[in-house]
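Engineer: This is data17.cif, which holds mmCIF, C-alpha atoms and all ligand atoms:
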```
data_start
#
loop_
_atom_site.label_atom_id
_atom_site.label_comp_id
_atom_site.auth_asym_id
_atom_site.auth_seq_id
_atom_site.Cartn_x
_atom_site.Cartn_y
_atom_site.Cartn_z
CA MET A 1 9.19 20.20 0.93
CA LYS A 2 6.17 22.16 -0.35
CA GLN A 3 8.12 23.24 -3.44
CA ILE A 4 9.27 19.68 -4.17
CA LEU A 5 5.70 18.36 -3.86
CA THR A 6 4.32 21.18 -6.02
CA GLN A 7 6.88 20.37 -8.72
CA GLU A 8 6.10 16.64 -8.50
CA LEU A 9 2.35 17.31 -8.82
CA LEU A 10 2.81 19.84 -11.61
CA VAL A 11 4.70 17.23 -13.63
CA SER A 12 2.24 14.40 -12.91
CA LEU A 13 -0.92 16.49 -13.46
CA THR A 14 0.27 17.90 -16.79
CA ALA A 15 1.55 14.56 -18.18
CA ASP A 16 -0.21 12.87 -21.15
CA ILE A 17 -2.04 10.74 -18.57
CA PRO A 18 -2.58 13.11 -15.61
CA SER A 19 -2.01 11.40 -12.28
CA ILE A 20 -1.72 11.89 -8.53
CA SER A 21 0.44 9.31 -6.77
CA PRO A 22 -1.48 6.98 -4.39
CA LYS A 23 0.81 8.13 -1.59
CA PHE A 24 -1.38 11.28 -1.46
CA PHE A 25 -4.34 9.19 -0.25
CA TYR A 26 -2.80 8.86 3.16
CA ASP A 27 -3.16 11.85 5.42
CA GLY A 28 -4.91 11.35 8.80
CA VAL A 29 -8.36 11.26 7.17
CA GLY A 30 -7.20 8.95 4.38
CA SER A 31 -5.64 6.50 6.84
CA HIS A 32 -8.91 6.39 8.82
CA LEU A 33 -10.94 5.95 5.63
CA PHE A 34 -8.74 3.01 4.66
CA ASP A 35 -9.44 1.46 8.07
CA VAL A 36 -13.16 1.69 7.26
CA ILE A 37 -12.63 0.21 3.78
CA MET A 38 -11.07 -2.82 5.47
CA LEU A 39 -14.33 -3.33 7.42
CA LEU A 40 -16.52 -3.36 4.30
CA GLU A 41 -18.21 -6.56 3.19
CA GLU A 42 -17.18 -5.88 -0.40
CA TYR A 43 -13.49 -5.42 0.45
CA TYR A 44 -12.61 -9.14 0.69
CA PRO A 45 -8.74 -8.80 0.77
CA THR A 46 -8.57 -7.97 4.50
CA ARG A 47 -10.85 -10.86 5.52
CA MET A 48 -9.12 -13.35 3.23
CA GLU A 49 -5.66 -12.34 4.39
CA LYS A 50 -6.74 -12.69 8.04
CA LEU A 51 -8.28 -16.09 7.32
CA ILE A 52 -5.00 -17.28 5.77
CA MET A 53 -2.85 -15.82 8.56
CA ASP A 54 -5.08 -17.38 11.26
CA THR A 55 -5.34 -20.76 9.52
CA TYR A 56 -1.62 -21.04 8.84
CA GLN A 57 -0.29 -19.18 11.87
CA ARG A 58 1.91 -22.10 12.95
CA ASP A 59 3.20 -22.69 9.42
CA THR A 60 4.13 -19.04 8.87
CA ALA A 61 5.83 -18.92 12.29
CA ASN A 62 7.79 -22.10 11.45
CA ALA A 63 8.80 -20.64 8.10
CA VAL A 64 9.97 -17.38 9.70
CA ALA A 65 11.73 -19.45 12.40
CA HIS A 66 13.44 -16.55 14.15
CA CYS A 67 12.98 -12.78 13.98
CA ASP A 68 15.23 -10.13 15.49
CA VAL A 69 13.41 -7.24 13.81
CA LEU A 70 9.96 -7.14 12.28
CA VAL A 71 10.02 -4.35 9.68
CA ASP A 72 6.41 -3.43 8.91
CA LEU A 73 6.24 -1.73 5.50
CA GLY A 74 3.29 0.64 5.12
CA ALA A 75 2.27 -0.32 8.65
CA GLY A 76 -0.83 1.90 8.81
CA ASN A 77 -2.62 1.20 12.11
CA CYS A 78 -0.01 -1.53 12.93
CA ILE A 79 -2.75 -4.03 13.81
CA LYS A 80 -1.55 -6.69 11.35
CA GLY A 81 2.05 -6.31 12.52
CA SER A 82 1.02 -6.64 16.16
CA GLN A 83 -0.97 -9.80 15.36
CA LEU A 84 2.36 -11.48 14.55
CA PHE A 85 4.03 -10.65 17.87
CA ASN A 86 2.85 -13.78 19.69
CA SER A 87 3.76 -16.21 16.94
CA ILE A 88 7.07 -14.87 15.60
CA LYS A 89 8.21 -13.05 18.75
CA PRO A 90 10.29 -10.18 17.33
CA LYS A 91 12.74 -8.41 19.65
CA GLN A 92 12.29 -5.18 17.72
CA TYR A 93 9.38 -3.75 15.75
CA ARG A 94 10.17 -1.08 13.17
CA ALA A 95 7.10 0.46 11.52
CA LEU A 96 7.41 2.46 8.29
CA ASP A 97 4.68 4.55 6.68
CA ILE A 98 4.17 7.78 4.79
CA SER A 99 1.28 8.80 7.08
CA LYS A 100 3.54 10.13 9.86
CA GLU A 101 1.23 11.29 12.66
CA TYR A 102 -1.14 8.35 12.24
CA LEU A 103 1.78 5.90 12.38
CA GLU A 104 3.38 7.55 15.41
CA ALA A 105 0.11 7.41 17.35
CA ALA A 106 -0.38 3.73 16.45
CA VAL A 107 3.17 2.79 17.51
CA ALA A 108 2.91 4.78 20.76
CA ASP A 109 -0.27 2.86 21.62
CA LEU A 110 1.28 -0.47 20.75
CA GLN A 111 4.41 0.21 22.79
CA LYS A 112 2.20 0.47 25.91
CA GLN A 113 0.70 -2.95 25.19
CA PHE A 114 4.04 -4.61 24.39
CA PRO A 115 6.68 -2.87 26.54
CA GLN A 116 9.12 -5.78 26.08
CA ILE A 117 9.46 -5.10 22.31
CA GLU A 118 11.69 -2.22 21.23
CA MET A 119 9.59 -0.13 18.82
CA SER A 120 10.16 2.77 16.46
CA ALA A 121 8.08 4.65 13.89
CA HIS A 122 9.64 5.99 10.68
CA ALA A 123 8.03 8.34 8.16
CA VAL A 124 9.39 6.83 4.95
CA ASP A 125 8.39 6.90 1.28
CA LEU A 126 8.50 3.27 0.16
CA SER A 127 8.66 4.28 -3.50
CA LEU A 128 12.29 5.33 -2.85
CA PRO A 129 15.14 2.85 -2.25
CA LEU A 130 15.28 1.50 1.32
CA ALA A 131 18.40 0.91 3.43
CA PHE A 132 18.75 -0.38 6.99
CA PRO A 133 22.47 -0.09 7.77
CA ASP A 134 21.90 -0.27 11.55
CA LEU A 135 20.04 -3.58 11.20
CA GLN A 136 22.60 -5.29 8.96
CA ALA A 137 23.74 -7.90 11.49
CA LEU A 138 20.19 -8.77 12.62
CA ARG A 139 17.72 -11.25 11.19
CA LYS A 140 15.01 -9.11 9.62
CA VAL A 141 11.54 -10.13 8.59
CA PHE A 142 10.00 -7.60 6.24
CA PHE A 143 6.21 -7.60 6.45
CA TYR A 144 4.18 -6.16 3.56
CA PRO A 145 0.52 -7.17 3.96
CA GLY A 146 -2.74 -5.89 2.48
CA SER A 147 -1.65 -6.26 -1.17
CA SER A 148 0.00 -2.84 -0.96
CA ILE A 149 2.51 -4.34 -3.41
CA GLY A 150 -0.29 -4.17 -6.00
CA ASN A 151 0.13 -0.38 -6.12
CA PHE A 152 3.57 -0.73 -7.72
CA ASP A 153 3.95 -1.18 -11.47
CA PRO A 154 5.39 -4.66 -12.21
CA GLU A 155 8.89 -3.31 -13.07
CA LYS A 156 8.90 -1.33 -9.82
CA VAL A 157 7.95 -4.52 -7.94
CA ASP A 158 11.11 -6.16 -9.32
CA GLN A 159 13.26 -3.28 -8.04
CA PHE A 160 11.49 -3.26 -4.67
CA PHE A 161 11.90 -7.03 -4.15
CA THR A 162 15.57 -6.89 -5.22
CA ASN A 163 16.12 -4.05 -2.75
CA LEU A 164 14.49 -6.05 0.08
CA ALA A 165 16.32 -9.30 -0.79
CA HIS A 166 19.59 -7.36 -0.65
CA GLU A 167 18.65 -5.70 2.65
CA CYS A 168 18.12 -9.15 4.22
CA HIS A 169 21.93 -9.51 4.07
CA GLY A 170 21.62 -13.28 3.74
CA ASN A 171 19.49 -13.62 6.85
CA GLY A 172 15.73 -13.14 6.92
CA GLY A 173 12.93 -12.77 4.45
CA LEU A 174 9.72 -11.15 3.34
CA LEU A 175 6.24 -12.06 4.58
CA ILE A 176 3.85 -10.60 2.04
CA GLY A 177 0.15 -10.63 1.16
CA VAL A 178 -1.09 -10.12 -2.40
CA ASP A 179 -4.45 -10.10 -4.11
CA LEU A 180 -5.01 -12.74 -6.79
CA VAL A 181 -6.76 -12.51 -10.17
CA LYS A 182 -10.45 -13.40 -9.89
CA ASP A 183 -13.82 -12.67 -11.49
CA THR A 184 -14.33 -9.07 -12.57
CA LYS A 185 -17.57 -8.59 -10.61
CA THR A 186 -15.92 -9.34 -7.25
CA LEU A 187 -12.98 -7.07 -8.09
CA HIS A 188 -15.23 -4.25 -9.29
CA LEU A 189 -17.40 -4.30 -6.14
CA ALA A 190 -14.36 -4.21 -3.86
CA TYR A 191 -13.41 -0.81 -5.31
CA ASN A 192 -16.97 0.49 -5.86
CA ASP A 193 -18.64 -0.12 -2.50
CA PRO A 194 -22.25 1.11 -2.38
CA LEU A 195 -21.59 3.11 0.81
CA GLY A 196 -19.10 5.25 -1.10
CA VAL A 197 -16.19 4.88 1.33
CA THR A 198 -13.72 4.06 -1.46
CA ALA A 199 -15.03 7.08 -3.38
CA ALA A 200 -14.40 9.29 -0.33
CA PHE A 201 -10.93 7.76 0.07
CA ASN A 202 -10.13 8.54 -3.58
CA LEU A 203 -11.51 12.11 -3.40
CA ASN A 204 -9.64 12.78 -0.17
CA ALA A 205 -6.39 12.75 -2.16
CA LEU A 206 -7.49 16.13 -3.58
CA LEU A 207 -8.02 17.58 -0.10
CA ASN A 208 -4.64 16.26 0.99
CA VAL A 209 -2.95 17.79 -2.06
CA ASN A 210 -4.71 21.12 -1.33
CA ARG A 211 -3.46 20.99 2.26
CA LEU A 212 0.10 20.09 1.26
CA ILE A 213 0.67 22.57 -1.57
CA GLY A 214 -2.20 25.08 -1.33
CA SER A 215 -3.92 24.11 -4.61
CA ASN A 216 -7.66 24.67 -5.04
CA PHE A 217 -9.24 21.37 -6.09
CA GLN A 218 -13.00 21.45 -5.33
CA LEU A 219 -14.53 18.09 -4.37
CA GLN A 220 -17.81 18.79 -6.19
CA ASP A 221 -15.89 19.05 -9.51
CA TRP A 222 -14.69 15.41 -9.35
CA GLU A 223 -16.12 11.90 -9.07
CA HIS A 224 -14.71 8.47 -8.24
CA TYR A 225 -14.18 6.09 -11.19
CA ALA A 226 -12.73 2.60 -10.75
CA PHE A 227 -12.70 -0.40 -13.09
CA PHE A 228 -10.80 -3.61 -13.78
CA ASN A 229 -8.42 -3.29 -16.72
CA ALA A 230 -8.17 -6.96 -17.72
CA SER A 231 -5.38 -6.52 -20.27
CA GLN A 232 -3.14 -5.01 -17.56
CA SER A 233 -4.58 -7.21 -14.79
CA ARG A 234 -5.18 -4.22 -12.55
CA ILE A 235 -7.91 -2.21 -10.92
CA GLU A 236 -7.50 1.41 -11.97
CA MET A 237 -8.81 4.22 -9.79
CA HIS A 238 -9.31 7.64 -11.29
CA LEU A 239 -10.94 10.96 -10.47
CA ARG A 240 -13.17 12.13 -13.31
CA ALA A 241 -13.94 15.81 -13.93
CA ARG A 242 -17.72 16.41 -13.70
CA SER A 243 -17.42 19.61 -15.79
CA ASP A 244 -14.71 21.81 -17.31
CA VAL A 245 -12.39 22.68 -14.43
CA GLN A 246 -9.36 24.88 -13.90
CA VAL A 247 -7.08 24.12 -10.97
CA ILE A 248 -4.42 26.49 -9.62
CA LEU A 249 -1.15 25.17 -8.20
CA PRO A 250 0.60 27.99 -6.31
CA GLY A 251 3.92 29.12 -7.79
CA ASN A 252 5.65 29.57 -4.39
CA GLY A 253 7.11 32.99 -5.15
CA SER A 254 6.92 32.70 -8.94
CA GLN A 255 3.82 32.62 -11.15
CA ASP A 256 0.96 30.27 -10.23
CA HIS A 257 0.27 27.33 -12.55
CA ALA A 258 -3.22 26.91 -14.00
CA ILE A 259 -4.15 23.42 -15.21
CA SER A 260 -7.30 22.93 -17.28
CA PHE A 261 -9.41 19.77 -17.40
CA SER A 262 -12.43 19.19 -19.63
CA ALA A 263 -15.57 17.40 -18.43
CA GLY A 264 -14.84 13.65 -18.43
CA ASP A 265 -11.05 14.05 -18.15
CA LEU A 266 -9.38 11.63 -15.77
CA ILE A 267 -6.71 11.91 -13.10
CA HIS A 268 -5.23 8.47 -12.51
CA THR A 269 -4.82 7.94 -8.75
CA GLU A 270 -4.08 4.25 -8.24
CA ASN A 271 -3.34 0.92 -9.85
CA SER A 272 -3.94 -2.24 -7.89
CA TYR A 273 -2.35 -5.12 -9.80
CA LYS A 274 -3.72 -8.63 -9.41
CA TYR A 275 -1.40 -11.60 -9.86
CA THR A 276 -1.59 -15.34 -10.29
CA GLN A 277 0.35 -17.31 -7.69
CA GLU A 278 2.82 -18.45 -10.39
CA GLN A 279 3.51 -14.91 -11.61
CA PHE A 280 4.03 -13.62 -8.10
CA VAL A 281 6.34 -16.42 -6.97
CA GLU A 282 8.40 -15.97 -10.12
CA LYS A 283 8.89 -12.28 -9.30
CA LEU A 284 10.13 -13.16 -5.80
CA ARG A 285 12.48 -15.78 -7.22
CA LEU A 286 13.90 -13.44 -9.87
CA ALA A 287 14.62 -10.84 -7.18
CA GLY A 288 16.85 -13.27 -5.27
CA PHE A 289 14.51 -14.99 -2.82
CA ALA A 290 15.44 -18.68 -2.90
CA ASP A 291 13.00 -20.45 -0.63
CA ILE A 292 9.34 -19.41 -1.07
CA GLN A 293 6.38 -20.86 0.82
CA CYS A 294 2.80 -19.82 0.03
CA TRP A 295 -0.63 -20.16 1.59
CA THR A 296 -4.03 -19.26 0.18
CA ASP A 297 -7.76 -19.34 1.08
CA PRO A 298 -10.23 -21.98 -0.21
CA ASN A 299 -11.43 -19.66 -3.04
CA GLN A 300 -7.88 -18.64 -3.91
CA TYR A 301 -8.81 -14.98 -3.61
CA PHE A 302 -5.65 -13.95 -1.77
CA LEU A 303 -2.09 -15.22 -1.31
CA VAL A 304 0.39 -14.98 1.57
CA CYS A 305 4.04 -15.88 0.95
CA PHE A 306 7.15 -16.09 3.08
CA ALA A 307 10.15 -15.63 0.83
CA LYS A 308 13.54 -16.35 2.36
CA VAL A 309 16.87 -15.28 0.89
C1 LIG A 401 -3.27 -0.50 1.69
S1 LIG A 401 -2.75 0.32 3.15
C2 LIG A 401 -2.22 -1.06 4.13
C3 LIG A 401 -2.09 -0.77 5.61
C4 LIG A 401 -1.69 -1.96 6.47
N1 LIG A 401 -0.37 -2.45 6.17
C5 LIG A 401 -2.69 -3.07 6.28
O1 LIG A 401 -2.43 -3.99 5.50
O2 LIG A 401 -3.74 -2.98 6.89
C6 LIG A 401 -1.27 1.01 2.58
C7 LIG A 401 -0.41 1.64 3.65
O3 LIG A 401 0.82 2.06 3.04
C8 LIG A 401 1.05 3.42 3.33
N2 LIG A 401 1.68 4.01 2.13
C9 LIG A 401 1.09 4.27 0.93
N3 LIG A 401 1.99 4.74 0.08
C10 LIG A 401 3.17 4.79 0.75
C11 LIG A 401 4.48 5.20 0.39
N4 LIG A 401 4.77 5.65 -0.84
N5 LIG A 401 5.43 5.10 1.33
C12 LIG A 401 5.16 4.65 2.59
N6 LIG A 401 3.94 4.25 2.97
C13 LIG A 401 2.96 4.32 2.07
C14 LIG A 401 -0.28 4.03 3.65
O4 LIG A 401 -0.19 5.14 4.51
C15 LIG A 401 -1.03 2.86 4.28
O5 LIG A 401 -0.85 2.82 5.67
#
```
Could you show the structure in this file as C-alpha cells?
Ligand SMILES: C[S@@+](CC[C@H](N)C(=O)[O-])C[C@H]1O[C@@H](n2cnc3c(N)ncnc32)[C@H](O)[C@@H]1O
Structural biologist:
Amino acid sequence: MKQILTQELLVSLTADIPSISPKFFYDGVGSHLFDVIMLLEEYYPTRMEKLIMDTYQRDTANAVAHCDVLVDLGAGNCIKGSQLFNSIKPKQYRALDISKEYLEAAVADLQKQFPQIEMSAHAVDLSLPLAFPDLQALRKVFFYPGSSIGNFDPEKVDQFFTNLAHECHGNGGLLIGVDLVKDTKTLHLAYNDPLGVTAAFNLNALLNVNRLIGSNFQLQDWEHYAFFNASQSRIEMHLRARSDVQVILPGNGSQDHAISFSAGDLIHTENSYKYTQEQFVEKLRLAGFADIQCWTDPNQYFLVCFAKV
C-alpha cells in the first residue's frame, strides 16, 4: 500500500501542475478539522443544506418513498445520514468513507443509538468505480451530501453518476447536495475563514502524506492559498511554498526521490466546483436518472436533489 501511494504521489507531485489528491485531507485529524469547518459562520454550505433538508423533509421522504438500504457516500461523522433515519426509515445503513478509523467509530456509535437498523462501515475510495453486487435486489438510496461531488472534475462527475444510476438496478436513486454558483466574496470567505481552520485542514494533507509514505514535508515551508476560478466555476485550494523547498519521498528499498519547489510554487490540493441548478440537473439526466426533484434555500446558495432512475 505504501509503495502504491508513494508512486501515486511521486507522479502527482512531479506533474506539470503538482498536486496532492483531496483524499489525503482525511486522516483522523483532517476529519475532525472538517467537522469544525462545518461549524464556521463563513462555511454556509452545511447550514444551507440543513435548512433545505429540514424545510423539505416531508417532500424528500415522499420522493424517496421507500428505502431498503441507505448508502452514505463519504459519510464522515454519519450525522447527516442518521438525520434521515426517521423520515426515510432505511432497513440497512451502509457507510462508505476513505477515513477508515473515524468512520468505524462513528458507525459503532450510531449502531448503539439505532439497534434496529443493520449497519456496516466500509473503507472505500470513491474515486474508483463502485459495485454493490450483494445489494442488487434491494431498493438503494445513495446519499451524497455536503457538495462532496464538487471535488470531482465535471467529466468524472458524469462517470460517477452513470456508475450510481447503473448500481440502482432500476430501483432507487440518489439524494445529493451541491453548492451553487454565487458571488465571489461569499465563496472566497467560505474557504478563507479568519480563524484559519480551512488553512489547517489544507496543511494537514502534508502531515497525512508524511505519515502514510514517510516523506518530510515541513508545515512551516507551506501556506494555504484558495481562490475562486470564475472561468472554471470552481474554488481552487493550493499549498504555496514560502521559500525554496526540497522534499524527499522515500524510495522503499530503491533510491529516494527528491522533489524541488521554488518559493511561490503551488501544489494543487482541491477543486470545489460550483454549479447552476440547470447544469447540475442536466448532468443527472445525462447519466440516466429520469425523474429529478430539487429543493433550494431562499438565497439559492445550495441545492438538494433526489434523482430517481
Ligand atoms: C466534504 S466531507 C463530507 C462529510 C459528510 N458527508 C458531510 O456532508 O458532512 C467529504 C467526506 O468524504 C470523504 N472522502 C474524501 N475523499 C474520499 C474518497 N476519495 N473516497 C471516499 N471518501 C472520501 C472524507 O473522508 C469526508 O468524510
Engineer: Can you work out which residues are within 10 Å of ligand LIG 401 (chain A), considering all atoms listed in the file, and then hand them over as a PDB file with C-alpha atoms, in the frame of the given file?
Structural biologist:
```
ATOM      1  CA  SER A  21       0.440   9.310  -6.770  1.00  0.00           C
ATOM      2  CA  PRO A  22      -1.480   6.980  -4.390  1.00  0.00           C
ATOM      3  CA  LYS A  23       0.810   8.130  -1.590  1.00  0.00           C
ATOM      4  CA  PHE A  24      -1.380  11.280  -1.460  1.00  0.00           C
ATOM      5  CA  PHE A  25      -4.340   9.190  -0.250  1.00  0.00           C
ATOM      6  CA  TYR A  26      -2.800   8.860   3.160  1.00  0.00           C
ATOM      7  CA  ASP A  27      -3.160  11.850   5.420  1.00  0.00           C
ATOM      8  CA  GLY A  28      -4.910  11.350   8.800  1.00  0.00           C
ATOM      9  CA  GLY A  30      -7.200   8.950   4.380  1.00  0.00           C
ATOM     10  CA  SER A  31      -5.640   6.500   6.840  1.00  0.00           C
ATOM     11  CA  HIS A  32      -8.910   6.390   8.820  1.00  0.00           C
ATOM     12  CA  PHE A  34      -8.740   3.010   4.660  1.00  0.00           C
ATOM     13  CA  ASP A  35      -9.440   1.460   8.070  1.00  0.00           C
ATOM     14  CA  ILE A  37     -12.630   0.210   3.780  1.00  0.00           C
ATOM     15  CA  MET A  38     -11.070  -2.820   5.470  1.00  0.00           C
ATOM     16  CA  PRO A  45      -8.740  -8.800   0.770  1.00  0.00           C
ATOM     17  CA  THR A  46      -8.570  -7.970   4.500  1.00  0.00           C
ATOM     18  CA  GLU A  49      -5.660 -12.340   4.390  1.00  0.00           C
ATOM     19  CA  ASP A  72       6.410  -3.430   8.910  1.00  0.00           C
ATOM     20  CA  LEU A  73       6.240  -1.730   5.500  1.00  0.00           C
ATOM     21  CA  GLY A  74       3.290   0.640   5.120  1.00  0.00           C
ATOM     22  CA  ALA A  75       2.270  -0.320   8.650  1.00  0.00           C
ATOM     23  CA  GLY A  76      -0.830   1.900   8.810  1.00  0.00           C
ATOM     24  CA  ASN A  77      -2.620   1.200  12.110  1.00  0.00           C
ATOM     25  CA  CYS A  78      -0.010  -1.530  12.930  1.00  0.00           C
ATOM     26  CA  ILE A  79      -2.750  -4.030  13.810  1.00  0.00           C
ATOM     27  CA  LYS A  80      -1.550  -6.690  11.350  1.00  0.00           C
ATOM     28  CA  GLY A  81       2.050  -6.310  12.520  1.00  0.00           C
ATOM     29  CA  ALA A  95       7.100   0.460  11.520  1.00  0.00           C
ATOM     30  CA  LEU A  96       7.410   2.460   8.290  1.00  0.00           C
ATOM     31  CA  ASP A  97       4.680   4.550   6.680  1.00  0.00           C
ATOM     32  CA  ILE A  98       4.170   7.780   4.790  1.00  0.00           C
ATOM     33  CA  SER A  99       1.280   8.800   7.080  1.00  0.00           C
ATOM     34  CA  LYS A 100       3.540  10.130   9.860  1.00  0.00           C
ATOM     35  CA  TYR A 102      -1.140   8.350  12.240  1.00  0.00           C
ATOM     36  CA  LEU A 103       1.780   5.900  12.380  1.00  0.00           C
ATOM     37  CA  HIS A 122       9.640   5.990  10.680  1.00  0.00           C
ATOM     38  CA  ALA A 123       8.030   8.340   8.160  1.00  0.00           C
ATOM     39  CA  VAL A 124       9.390   6.830   4.950  1.00  0.00           C
ATOM     40  CA  ASP A 125       8.390   6.900   1.280  1.00  0.00           C
ATOM     41  CA  LEU A 126       8.500   3.270   0.160  1.00  0.00           C
ATOM     42  CA  SER A 127       8.660   4.280  -3.500  1.00  0.00           C
ATOM     43  CA  LEU A 128      12.290   5.330  -2.850  1.00  0.00           C
ATOM     44  CA  PHE A 143       6.210  -7.600   6.450  1.00  0.00           C
ATOM     45  CA  TYR A 144       4.180  -6.160   3.560  1.00  0.00           C
ATOM     46  CA  PRO A 145       0.520  -7.170   3.960  1.00  0.00           C
ATOM     47  CA  GLY A 146      -2.740  -5.890   2.480  1.00  0.00           C
ATOM     48  CA  SER A 147      -1.650  -6.260  -1.170  1.00  0.00           C
ATOM     49  CA  SER A 148       0.000  -2.840  -0.960  1.00  0.00           C
ATOM     50  CA  ILE A 149       2.510  -4.340  -3.410  1.00  0.00           C
ATOM     51  CA  GLY A 150      -0.290  -4.170  -6.000  1.00  0.00           C
ATOM     52  CA  ASN A 151       0.130  -0.380  -6.120  1.00  0.00           C
ATOM     53  CA  PHE A 152       3.570  -0.730  -7.720  1.00  0.00           C
ATOM     54  CA  ILE A 176       3.850 -10.600   2.040  1.00  0.00           C
ATOM     55  CA  GLY A 177       0.150 -10.630   1.160  1.00  0.00           C
ATOM     56  CA  SER A 272      -3.940  -2.240  -7.890  1.00  0.00           C
TER      57      SER A 272
END
```
Engineer: Leaving out A:Tyr93 and any residue of its chain fewer than 4 positions from it, which residues lie within 6 Å of it when counting all atoms listed in the file, given as a list in words?
Structural biologist: Val69, Leu70 and Met119 of chain A
Engineer: Report, in Å to a single decimal, how far apart atom CA of A:Phe228 and atom CA of A:Pro298 are.
Structural biologist: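 Between atom CA of A:Pro298 and atom CA of A:Phe228 the gap is 22.8 Å.
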Engineer: Can you list every residue of stretch 57-166 of chain A that has an atom at most 10 Å from stretch 276-286 of chain A, with its nearest atom pair and the distance in Å to one decimal, using only C-alpha atoms, ordered by chain then number, as JSON lines?
Structural biologist:
```
{"residue": "A:Pro154", "atom": "CA", "partner": "A:Lys283", "partner_atom": "CA", "distance": 8.9}
{"residue": "A:Glu155", "atom": "CA", "partner": "A:Lys283", "partner_atom": "CA", "distance": 9.7}
{"residue": "A:Val157", "atom": "CA", "partner": "A:Lys283", "partner_atom": "CA", "distance": 7.9}
{"residue": "A:Asp158", "atom": "CA", "partner": "A:Lys283", "partner_atom": "CA", "distance": 6.5}
{"residue": "A:Phe161", "atom": "CA", "partner": "A:Leu284", "partner_atom": "CA", "distance": 6.6}
{"residue": "A:Thr162", "atom": "CA", "partner": "A:Leu286", "partner_atom": "CA", "distance": 8.2}
{"residue": "A:Ala165", "atom": "CA", "partner": "A:Leu284", "partner_atom": "CA", "distance": 8.8}
```
Engineer: Could you write out the selected residues, including C-alpha atoms, as a short mmCIF file (atom, residue, chain, number, x, y, z; two decimals), keeping the file's coordinate frame?
Structural biologist:
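As written to disk, result.cif reads:
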```cif
data_model
loop_
_atom_site.label_atom_id
_atom_site.label_comp_id
_atom_site.auth_asym_id
_atom_site.auth_seq_id
_atom_site.Cartn_x
_atom_site.Cartn_y
_atom_site.Cartn_z
CA PRO A 154 5.39 -4.66 -12.21
CA GLU A 155 8.89 -3.31 -13.07
CA VAL A 157 7.95 -4.52 -7.94
CA ASP A 158 11.11 -6.16 -9.32
CA PHE A 161 11.90 -7.03 -4.15
CA THR A 162 15.57 -6.89 -5.22
CA ALA A 165 16.32 -9.30 -0.79
#
```
Engineer: Work out how far atom CA of A:Phe132 is from atom CA of A:Glu167, in Å to one decimal.
Structural biologist: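 Separation between atom CA of A:Glu167 and atom CA of A:Phe132: 6.9 Å.
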Engineer: When distances are computed from only C-alpha atoms, which of A:Gln300, A:Gln111, A:Ser82, A:Thr269 shows the smallest separation from A:Phe201?
Structural biologist: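 Looking only at the distances to A:Phe201, the closest residue turns out to be A:Thr269.
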Engineer: Grab the atom CA of A:Leu239 to atom CA of A:Thr6 distance for me, in Å with one decimal place.
Structural biologist: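 Straight-line distance from atom CA of A:Leu239 to atom CA of A:Thr6 works out to 18.9 Å.
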Engineer: Write out as a ChimeraX atom specification which residues come within 10 Å of A:Trp222 when counting all atoms listed in the file, dropping same-chain ones fewer than 6 positions away.
Structural biologist: /A:203,206,238-243,245,263-267
Engineer: Using all atoms listed in the file, find the one residue out of A:Asp54, A:Asp297, A:Asp16, A:Asp68 that sits nearest to A:Gly173.
Structural biologist: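 Of A:Asp54, A:Asp297, A:Asp16, A:Asp68, the one nearest A:Gly173 is A:Asp68, counting all atoms listed in the file.
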Engineer: Pick from A:Cys305, A:Leu212, A:Ile259, A:Ala226: nearest to A:Thr198, with only C-alpha atoms counted?
Structural biologist: A:Ala226
Engineer: For a quick check of understanding, using all atoms listed in the file, which of A:Val107, A:Asp183, A:Tyr56, A:Lys50 has the smallest distance to A:Gln83?
Structural biologist: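 Going through A:Val107, A:Asp183, A:Tyr56, A:Lys50 one by one, the smallest distance to A:Gln83 is for A:Lys50.
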Engineer: Using only C-alpha atoms, which residue out of A:Phe261, A:Tyr225, A:Phe217, A:Phe160 lies closest to A:Ala287?
Structural biologist: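 Among the listed residues, A:Phe160 lies closest to A:Ala287.
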Engineer: Do you know which residues are at most 12 Å from A:Ala61 counting only C-alpha atoms, after dropping those on the same chain fewer than 6 positions away, and could you put them as a PyMOL selection string?
Structural biologist: chain A and resi 53-55+67+83-90+141+175+293+305-306
Engineer: Write out as number ranges by chain each polymer residue whose atoms come within 7 Å of A:Gly172, counting only C-alpha atoms; drop sequence neighbours fewer than 2 positions from it.
Structural biologist: A: 139-141, 168, 170, 308-309
